[in-house]
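Working notes, beginning with the structure itself.
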Amino acid sequence: EFIPGTVPAESAAMDGMIPPVNALVLSMLEHDLAYDESSDVFLWNSVYYMISLYGQMDSRAELTDDQLILPSETVADYAAALFSNYSGLPALPEEMKDRVTYNAANDTYSLARGDAGLSETQILQVTQLGNGAVEVFGAVISLADESTMCTFTADLHVNNSMFGYSIAGLNIE
């Protein structure tokens with residue numbers, strides 16, 4: 001039974017951050033990575049997950065039979081949600097060139113569309129830290145058996161971007 005006041009008001013504001021948090025958690029889990037916003041490979045791997053899973057929903061995306069083509073502006077919008085210190089897209093590292101290609105003539109990135117599999121990311125608790133900082137606690141749930149695959153804590157900072165926040169740190173527990 002719903003009791004007014006039992007759901008934090010911040011919950012709805014955090015719904016928009018589920019895609020970037022999900023992409024980052026999946027990237028870190030599948031590649032056994034720690035959050036490292038100073039690494040171009042980590043940045044691009046995280047951006048790859050974000051745009052391959054969610055880029056096709058963006059009105060700026062172009063879909064072909066096997067490719068997703070996004071303007072660099074779109075990719076930058078998504079990267080800004082993943083990293084609080086984001087200051088522009090670095091060149092694609094060699095390690096990513098088999099998954100993402102850049103077309104300088106069109107200023108676009110192309111990649112295969114991704115699949116999140118049978119999991120769902122949920123934000124379970126939101127804690128306001130002050131000065132626009134928020135800590136969220138959440139879990140990745142298997143849709144096959146509803147078991148918890150992992151839990152995580154993410155630090156978010158409010159910003160003037162498409163998602164309203166950017167991730168300043170994320171720990172998988």
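Labeling convention for the structure tokens: chains A, B, ... as they appear, residues from 1 per chain, ligands from 1 in order of appearance.
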Q.
Please identify the helix (DSSP H, G or I) residues within range 60-171 of chain A (assignment by DSSP from backbone atoms) and present them as a ChimeraX atom specification.
A. /A:72-82,94-96
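Contact shell of Pro20 in chain A at 9 Å (only C-alpha atoms; same-chain neighbours under 6 positions omitted): Ser46, Val47, Tyr49, Met50, Tyr54, Tyr78, Ala79, Ala81, Leu82, Phe163, Ser166 and Ile167 of chain A.
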Give me, as a compact mmCIF listing (two decimals) with all heavy atoms, in the first residue's frame, the residues of chain A that a backbone DSSP run labels strand (DSSP E).
# COMPACT_ATOMS: atom_id res chain seq x y z
N GLU A 62 20.89 7.71 -36.72
CA GLU A 62 20.51 7.10 -38.00
C GLU A 62 20.75 5.60 -37.86
O GLU A 62 21.83 5.17 -37.45
CB GLU A 62 21.38 7.66 -39.13
CG GLU A 62 21.10 7.03 -40.47
CD GLU A 62 22.07 7.50 -41.55
OE1 GLU A 62 22.63 8.60 -41.41
OE2 GLU A 62 22.25 6.75 -42.51
N LEU A 63 19.75 4.81 -38.19
CA LEU A 63 19.85 3.36 -38.08
C LEU A 63 19.92 2.74 -39.46
O LEU A 63 19.13 3.08 -40.34
CB LEU A 63 18.64 2.79 -37.33
CG LEU A 63 18.40 3.32 -35.92
CD1 LEU A 63 17.07 2.81 -35.39
CD2 LEU A 63 19.52 2.92 -35.00
N LEU A 68 24.57 1.76 -36.18
CA LEU A 68 23.99 2.94 -35.54
C LEU A 68 24.96 4.07 -35.83
O LEU A 68 26.16 3.95 -35.56
CB LEU A 68 23.86 2.70 -34.04
CG LEU A 68 23.45 3.87 -33.16
CD1 LEU A 68 22.05 4.36 -33.54
CD2 LEU A 68 23.48 3.46 -31.70
N ILE A 69 24.47 5.15 -36.41
CA ILE A 69 25.32 6.28 -36.76
C ILE A 69 24.83 7.49 -35.97
O ILE A 69 23.65 7.83 -36.02
CB ILE A 69 25.27 6.57 -38.28
CG1 ILE A 69 25.70 5.32 -39.05
CG2 ILE A 69 26.14 7.76 -38.63
CD1 ILE A 69 25.38 5.36 -40.53
N LEU A 70 25.76 8.09 -35.22
CA LEU A 70 25.42 9.21 -34.35
C LEU A 70 26.34 10.39 -34.62
O LEU A 70 27.56 10.22 -34.75
CB LEU A 70 25.58 8.81 -32.88
CG LEU A 70 24.66 7.70 -32.39
CD1 LEU A 70 25.18 7.13 -31.09
CD2 LEU A 70 23.27 8.25 -32.20
N PRO A 71 25.78 11.61 -34.67
CA PRO A 71 26.65 12.79 -34.78
C PRO A 71 27.52 12.91 -33.52
O PRO A 71 27.12 12.48 -32.43
CB PRO A 71 25.67 13.96 -34.87
CG PRO A 71 24.31 13.41 -34.81
CD PRO A 71 24.37 11.94 -34.60
N VAL A 100 34.05 0.96 -32.71
CA VAL A 100 33.54 2.29 -33.04
C VAL A 100 34.43 2.88 -34.13
O VAL A 100 35.65 2.76 -34.05
CB VAL A 100 33.58 3.23 -31.80
CG1 VAL A 100 33.04 4.61 -32.16
CG2 VAL A 100 32.82 2.65 -30.63
N THR A 101 33.79 3.49 -35.12
CA THR A 101 34.57 4.19 -36.16
C THR A 101 34.11 5.64 -36.22
O THR A 101 32.94 5.94 -35.96
CB THR A 101 34.42 3.54 -37.54
OG1 THR A 101 33.04 3.51 -37.90
CG2 THR A 101 34.97 2.11 -37.54
N TYR A 102 35.05 6.49 -36.57
CA TYR A 102 34.76 7.92 -36.69
C TYR A 102 34.88 8.32 -38.16
O TYR A 102 35.85 7.97 -38.83
CB TYR A 102 35.71 8.75 -35.84
CG TYR A 102 35.50 10.23 -35.98
CD1 TYR A 102 34.33 10.83 -35.50
CD2 TYR A 102 36.44 11.03 -36.60
CE1 TYR A 102 34.12 12.20 -35.64
CE2 TYR A 102 36.25 12.40 -36.73
CZ TYR A 102 35.08 12.97 -36.26
OH TYR A 102 34.86 14.32 -36.39
N ASN A 103 33.88 9.05 -38.65
CA ASN A 103 33.90 9.58 -40.01
C ASN A 103 34.07 11.09 -39.90
O ASN A 103 33.12 11.81 -39.56
CB ASN A 103 32.60 9.22 -40.72
CG ASN A 103 32.53 9.74 -42.14
OD1 ASN A 103 33.13 10.76 -42.47
ND2 ASN A 103 31.81 9.02 -42.98
N THR A 108 30.67 11.99 -37.59
CA THR A 108 29.78 10.99 -37.00
C THR A 108 30.57 9.79 -36.51
O THR A 108 31.69 9.53 -36.96
CB THR A 108 28.73 10.49 -38.02
OG1 THR A 108 29.40 9.92 -39.15
CG2 THR A 108 27.79 11.60 -38.46
N TYR A 109 29.95 9.06 -35.58
CA TYR A 109 30.49 7.81 -35.08
C TYR A 109 29.53 6.70 -35.49
O TYR A 109 28.32 6.86 -35.44
CB TYR A 109 30.62 7.85 -33.55
CG TYR A 109 31.71 8.79 -33.08
CD1 TYR A 109 31.42 10.11 -32.80
CD2 TYR A 109 33.01 8.33 -32.94
CE1 TYR A 109 32.42 10.98 -32.39
CE2 TYR A 109 34.01 9.20 -32.51
CZ TYR A 109 33.71 10.51 -32.25
OH TYR A 109 34.70 11.37 -31.84
N SER A 110 30.11 5.54 -35.87
CA SER A 110 29.31 4.38 -36.26
C SER A 110 29.70 3.19 -35.39
O SER A 110 30.87 3.01 -35.06
CB SER A 110 29.56 4.01 -37.73
OG SER A 110 29.22 5.06 -38.57
N LEU A 111 28.69 2.39 -35.06
CA LEU A 111 28.92 1.21 -34.25
C LEU A 111 27.75 0.26 -34.41
O LEU A 111 26.69 0.63 -34.93
CB LEU A 111 29.07 1.59 -32.78
CG LEU A 111 27.88 2.30 -32.14
CD1 LEU A 111 27.78 1.91 -30.68
CD2 LEU A 111 28.06 3.80 -32.26
N SER A 119 18.83 -7.93 -17.95
CA SER A 119 19.08 -7.30 -16.66
C SER A 119 18.42 -5.93 -16.63
O SER A 119 18.10 -5.36 -17.67
CB SER A 119 20.59 -7.17 -16.41
OG SER A 119 21.16 -6.25 -17.31
N GLU A 120 18.24 -5.44 -15.43
CA GLU A 120 17.65 -4.12 -15.23
C GLU A 120 18.40 -3.43 -14.10
O GLU A 120 18.66 -4.03 -13.06
CB GLU A 120 16.18 -4.27 -14.84
CG GLU A 120 15.50 -2.97 -14.52
CD GLU A 120 14.05 -3.18 -14.10
OE1 GLU A 120 13.82 -3.67 -12.97
OE2 GLU A 120 13.16 -2.86 -14.91
N THR A 121 18.75 -2.18 -14.32
CA THR A 121 19.40 -1.39 -13.28
C THR A 121 18.34 -0.60 -12.53
O THR A 121 17.50 0.04 -13.14
CB THR A 121 20.45 -0.45 -13.90
OG1 THR A 121 21.47 -1.25 -14.49
CG2 THR A 121 21.06 0.46 -12.85
N GLN A 122 18.42 -0.66 -11.22
CA GLN A 122 17.47 0.06 -10.37
C GLN A 122 18.22 0.95 -9.40
O GLN A 122 19.22 0.53 -8.82
CB GLN A 122 16.61 -0.93 -9.58
CG GLN A 122 15.79 -1.86 -10.42
CD GLN A 122 15.05 -2.89 -9.58
OE1 GLN A 122 15.23 -3.00 -8.38
NE2 GLN A 122 14.19 -3.65 -10.24
N ILE A 123 17.77 2.18 -9.25
CA ILE A 123 18.29 3.07 -8.22
C ILE A 123 17.38 2.93 -7.02
O ILE A 123 16.18 3.18 -7.10
CB ILE A 123 18.39 4.51 -8.73
CG1 ILE A 123 19.46 4.58 -9.83
CG2 ILE A 123 18.70 5.48 -7.59
CD1 ILE A 123 19.65 5.93 -10.46
N LEU A 124 17.94 2.47 -5.92
CA LEU A 124 17.15 2.11 -4.74
C LEU A 124 17.15 3.18 -3.66
O LEU A 124 16.21 3.26 -2.87
CB LEU A 124 17.67 0.79 -4.17
CG LEU A 124 17.70 -0.39 -5.16
CD1 LEU A 124 18.42 -1.58 -4.54
CD2 LEU A 124 16.29 -0.75 -5.59
N GLN A 125 18.20 3.98 -3.59
CA GLN A 125 18.30 4.99 -2.54
C GLN A 125 19.03 6.20 -3.08
O GLN A 125 20.04 6.07 -3.77
CB GLN A 125 19.03 4.42 -1.34
CG GLN A 125 19.13 5.37 -0.17
CD GLN A 125 19.85 4.73 1.01
OE1 GLN A 125 20.21 3.56 0.99
NE2 GLN A 125 20.07 5.51 2.04
N VAL A 126 18.54 7.37 -2.75
CA VAL A 126 19.15 8.64 -3.17
C VAL A 126 19.45 9.45 -1.92
O VAL A 126 18.57 9.66 -1.08
CB VAL A 126 18.18 9.43 -4.09
CG1 VAL A 126 18.79 10.76 -4.49
CG2 VAL A 126 17.79 8.61 -5.32
N THR A 127 20.70 9.90 -1.79
CA THR A 127 21.10 10.71 -0.65
C THR A 127 21.67 12.03 -1.17
O THR A 127 22.64 12.03 -1.92
CB THR A 127 22.18 9.99 0.19
OG1 THR A 127 21.69 8.70 0.57
CG2 THR A 127 22.55 10.80 1.42
N GLN A 128 21.05 13.13 -0.77
CA GLN A 128 21.54 14.46 -1.14
C GLN A 128 22.76 14.77 -0.27
O GLN A 128 22.70 14.68 0.94
CB GLN A 128 20.45 15.51 -0.91
CG GLN A 128 19.23 15.34 -1.78
CD GLN A 128 19.51 15.64 -3.25
OE1 GLN A 128 20.40 16.40 -3.59
NE2 GLN A 128 18.74 15.02 -4.12
N LEU A 129 23.86 15.15 -0.91
CA LEU A 129 25.09 15.45 -0.19
C LEU A 129 25.35 16.95 -0.07
O LEU A 129 26.26 17.35 0.63
CB LEU A 129 26.28 14.78 -0.88
CG LEU A 129 26.19 13.26 -1.00
CD1 LEU A 129 27.38 12.72 -1.79
CD2 LEU A 129 26.09 12.60 0.36
N GLY A 130 24.56 17.76 -0.77
CA GLY A 130 24.75 19.21 -0.74
C GLY A 130 25.57 19.69 -1.93
O GLY A 130 26.30 18.92 -2.56
N ALA A 133 25.58 17.69 -5.20
CA ALA A 133 26.11 16.32 -5.20
C ALA A 133 25.06 15.36 -4.63
O ALA A 133 24.35 15.69 -3.68
CB ALA A 133 27.39 16.23 -4.40
N VAL A 134 24.98 14.21 -5.25
CA VAL A 134 24.01 13.18 -4.85
C VAL A 134 24.73 11.84 -4.85
O VAL A 134 25.54 11.57 -5.73
CB VAL A 134 22.83 13.13 -5.84
CG1 VAL A 134 21.85 12.03 -5.48
CG2 VAL A 134 22.13 14.46 -5.93
N GLU A 135 24.43 11.01 -3.87
CA GLU A 135 24.92 9.64 -3.87
C GLU A 135 23.73 8.73 -4.09
O GLU A 135 22.69 8.90 -3.44
CB GLU A 135 25.60 9.30 -2.54
CG GLU A 135 26.14 7.87 -2.52
CD GLU A 135 26.79 7.54 -1.20
OE1 GLU A 135 26.04 7.21 -0.25
OE2 GLU A 135 28.02 7.63 -1.11
N VAL A 136 23.87 7.81 -5.02
CA VAL A 136 22.80 6.84 -5.25
C VAL A 136 23.33 5.44 -4.98
O VAL A 136 24.49 5.13 -5.25
CB VAL A 136 22.21 6.92 -6.68
CG1 VAL A 136 21.57 8.28 -6.93
CG2 VAL A 136 23.23 6.62 -7.75
N PHE A 137 22.46 4.63 -4.43
CA PHE A 137 22.74 3.22 -4.22
C PHE A 137 21.75 2.45 -5.08
O PHE A 137 20.57 2.82 -5.15
CB PHE A 137 22.55 2.84 -2.74
CG PHE A 137 22.62 1.36 -2.49
CD1 PHE A 137 23.85 0.71 -2.47
CD2 PHE A 137 21.47 0.62 -2.31
CE1 PHE A 137 23.92 -0.66 -2.26
CE2 PHE A 137 21.53 -0.75 -2.10
CZ PHE A 137 22.76 -1.39 -2.07
N GLY A 138 22.24 1.44 -5.77
CA GLY A 138 21.34 0.68 -6.62
C GLY A 138 21.82 -0.73 -6.84
O GLY A 138 22.80 -1.18 -6.23
N ALA A 139 21.10 -1.42 -7.73
CA ALA A 139 21.40 -2.82 -8.01
C ALA A 139 21.10 -3.13 -9.47
O ALA A 139 20.24 -2.49 -10.08
CB ALA A 139 20.55 -3.72 -7.10
N VAL A 140 21.83 -4.11 -9.98
CA VAL A 140 21.52 -4.68 -11.29
C VAL A 140 20.84 -6.01 -11.00
O VAL A 140 21.39 -6.87 -10.30
CB VAL A 140 22.78 -4.87 -12.15
CG1 VAL A 140 22.43 -5.53 -13.48
CG2 VAL A 140 23.48 -3.53 -12.38
N ILE A 141 19.62 -6.14 -11.52
CA ILE A 141 18.77 -7.30 -11.24
C ILE A 141 18.66 -8.17 -12.50
O ILE A 141 18.43 -7.66 -13.59
CB ILE A 141 17.34 -6.83 -10.83
CG1 ILE A 141 17.41 -5.82 -9.68
CG2 ILE A 141 16.44 -8.02 -10.50
CD1 ILE A 141 18.01 -6.34 -8.40
N SER A 142 18.83 -9.47 -12.32
CA SER A 142 18.63 -10.42 -13.41
C SER A 142 17.13 -10.55 -13.65
O SER A 142 16.37 -10.84 -12.71
CB SER A 142 19.21 -11.79 -13.05
OG SER A 142 18.75 -12.76 -13.96
N THR A 148 19.90 -10.51 -7.55
CA THR A 148 20.76 -9.34 -7.62
C THR A 148 22.11 -9.77 -8.19
O THR A 148 22.79 -10.61 -7.60
CB THR A 148 20.93 -8.71 -6.23
OG1 THR A 148 19.64 -8.31 -5.75
CG2 THR A 148 21.85 -7.51 -6.28
N MET A 149 22.47 -9.17 -9.32
CA MET A 149 23.76 -9.48 -9.96
C MET A 149 24.89 -8.71 -9.28
O MET A 149 25.99 -9.21 -9.16
CB MET A 149 23.69 -9.17 -11.44
CG MET A 149 22.66 -10.01 -12.17
SD MET A 149 22.33 -9.45 -13.85
CE MET A 149 23.91 -9.67 -14.64
N CYS A 150 24.61 -7.47 -8.89
CA CYS A 150 25.58 -6.67 -8.15
C CYS A 150 24.86 -5.47 -7.57
O CYS A 150 23.74 -5.14 -7.99
CB CYS A 150 26.74 -6.20 -9.04
SG CYS A 150 26.31 -4.88 -10.20
N THR A 151 25.49 -4.83 -6.62
CA THR A 151 25.01 -3.54 -6.11
C THR A 151 26.11 -2.52 -6.39
O THR A 151 27.26 -2.89 -6.63
CB THR A 151 24.69 -3.58 -4.61
OG1 THR A 151 25.86 -3.95 -3.89
CG2 THR A 151 23.55 -4.57 -4.32
N PHE A 152 25.74 -1.26 -6.37
CA PHE A 152 26.70 -0.21 -6.67
C PHE A 152 26.33 1.06 -5.93
O PHE A 152 25.19 1.24 -5.50
CB PHE A 152 26.74 0.07 -8.18
CG PHE A 152 25.42 0.51 -8.74
CD1 PHE A 152 25.03 1.84 -8.70
CD2 PHE A 152 24.53 -0.42 -9.28
CE1 PHE A 152 23.79 2.24 -9.20
CE2 PHE A 152 23.30 -0.02 -9.78
CZ PHE A 152 22.92 1.31 -9.74
N THR A 153 27.32 1.92 -5.80
CA THR A 153 27.14 3.26 -5.27
C THR A 153 27.75 4.21 -6.30
O THR A 153 28.87 3.99 -6.76
CB THR A 153 27.85 3.44 -3.92
OG1 THR A 153 27.35 2.44 -3.02
CG2 THR A 153 27.58 4.81 -3.34
N ALA A 154 27.00 5.25 -6.66
CA ALA A 154 27.49 6.23 -7.62
C ALA A 154 27.37 7.62 -7.03
O ALA A 154 26.39 7.94 -6.36
CB ALA A 154 26.71 6.14 -8.93
N ASP A 155 28.39 8.43 -7.29
CA ASP A 155 28.36 9.84 -6.92
C ASP A 155 28.01 10.64 -8.15
O ASP A 155 28.65 10.49 -9.20
CB ASP A 155 29.73 10.28 -6.38
CG ASP A 155 30.09 9.58 -5.09
OD1 ASP A 155 29.18 9.34 -4.27
OD2 ASP A 155 31.27 9.25 -4.91
N LEU A 156 26.99 11.47 -8.04
CA LEU A 156 26.51 12.27 -9.16
C LEU A 156 26.63 13.75 -8.82
O LEU A 156 26.45 14.13 -7.66
CB LEU A 156 25.05 11.94 -9.47
CG LEU A 156 24.66 10.47 -9.62
CD1 LEU A 156 23.17 10.34 -9.85
CD2 LEU A 156 25.45 9.82 -10.73
N HIS A 157 26.89 14.54 -9.84
CA HIS A 157 26.93 15.99 -9.67
C HIS A 157 25.94 16.62 -10.63
O HIS A 157 25.91 16.27 -11.82
CB HIS A 157 28.32 16.55 -9.94
CG HIS A 157 29.33 16.15 -8.93
ND1 HIS A 157 30.66 16.41 -9.06
CD2 HIS A 157 29.21 15.51 -7.73
CE1 HIS A 157 31.31 15.96 -8.00
NE2 HIS A 157 30.45 15.40 -7.20
N VAL A 158 25.13 17.53 -10.13
CA VAL A 158 24.16 18.22 -10.97
C VAL A 158 24.92 19.05 -12.00
O VAL A 158 25.99 19.59 -11.71
CB VAL A 158 23.19 19.08 -10.12
CG1 VAL A 158 23.88 20.27 -9.51
CG2 VAL A 158 21.98 19.49 -10.91
N TYR A 165 22.64 15.45 -14.65
CA TYR A 165 23.71 15.07 -13.72
C TYR A 165 24.83 14.44 -14.53
O TYR A 165 24.65 14.04 -15.68
CB TYR A 165 23.23 14.01 -12.71
CG TYR A 165 22.24 14.50 -11.70
CD1 TYR A 165 20.88 14.50 -11.97
CD2 TYR A 165 22.66 14.96 -10.46
CE1 TYR A 165 19.96 14.97 -11.04
CE2 TYR A 165 21.75 15.42 -9.52
CZ TYR A 165 20.41 15.41 -9.81
OH TYR A 165 19.51 15.87 -8.88
N SER A 166 25.98 14.32 -13.88
CA SER A 166 27.07 13.54 -14.44
C SER A 166 27.62 12.66 -13.32
O SER A 166 27.49 12.98 -12.13
CB SER A 166 28.17 14.42 -15.02
OG SER A 166 28.68 15.29 -14.04
N ILE A 167 28.22 11.56 -13.70
CA ILE A 167 28.76 10.61 -12.72
C ILE A 167 30.17 11.06 -12.35
O ILE A 167 31.01 11.29 -13.21
CB ILE A 167 28.76 9.19 -13.32
CG1 ILE A 167 27.34 8.76 -13.66
CG2 ILE A 167 29.41 8.21 -12.32
CD1 ILE A 167 27.23 7.48 -14.46
N ALA A 168 30.42 11.18 -11.06
CA ALA A 168 31.74 11.59 -10.57
C ALA A 168 32.52 10.41 -9.99
O ALA A 168 33.69 10.53 -9.70
CB ALA A 168 31.59 12.67 -9.51
N GLY A 169 31.86 9.29 -9.83
CA GLY A 169 32.50 8.09 -9.31
C GLY A 169 31.47 6.99 -9.21
O GLY A 169 30.28 7.25 -9.01
N LEU A 170 31.92 5.74 -9.37
CA LEU A 170 31.02 4.62 -9.26
C LEU A 170 31.80 3.42 -8.73
O LEU A 170 32.88 3.12 -9.24
CB LEU A 170 30.39 4.27 -10.62
CG LEU A 170 29.23 3.29 -10.55
CD1 LEU A 170 28.15 3.68 -11.54
CD2 LEU A 170 29.67 1.87 -10.81
N ASN A 171 31.26 2.78 -7.70
CA ASN A 171 31.89 1.60 -7.12
C ASN A 171 30.89 0.45 -7.17
O ASN A 171 29.75 0.59 -6.76
CB ASN A 171 32.29 1.83 -5.66
CG ASN A 171 33.40 2.83 -5.54
OD1 ASN A 171 34.44 2.68 -6.17
ND2 ASN A 171 33.19 3.86 -4.75
N ILE A 172 31.37 -0.67 -7.68
CA ILE A 172 30.55 -1.89 -7.69
C ILE A 172 30.90 -2.66 -6.44
O ILE A 172 32.08 -2.88 -6.12
CB ILE A 172 30.82 -2.71 -8.96
CG1 ILE A 172 30.37 -1.91 -10.19
CG2 ILE A 172 30.10 -4.05 -8.89
CD1 ILE A 172 30.67 -2.56 -11.52
Q.
My list of candidates is A:Arg113, A:Ala23, A:Glu37, A:Met28. Which is closest to Asp66 in chain A when distances are computed with only C-alpha atoms?
A. A:Arg113
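Residue nearest Asn22 in chain A, chosen from A:Leu43, A:Ala34, A:Leu53, A:Leu89 and counting only C-alpha atoms: A:Leu53.
Of the residues under consideration (A:Asn159, A:Ser27, A:Ser147, A:Asn106), A:Asn159 shows the shortest atom-to-atom contact distance to Ala80 in chain A when counting only C-alpha atoms.
Minimum atom-to-atom distances from A:Lys97, A:Asp65, A:Gly164, A:Gln56 to Met14 in chain A were compared using only C-alpha atoms, and the lowest value belongs to A:Gly164.
Nearest-residue note for Val41 in chain A: choosing from A:Ser72, A:Asn85, A:Glu94, A:Gln67, the minimum distance belongs to A:Glu94, counting only C-alpha atoms.
Between CA of His31 in chain A and CA of Trp44 in chain A the separation is 12.7 Å.
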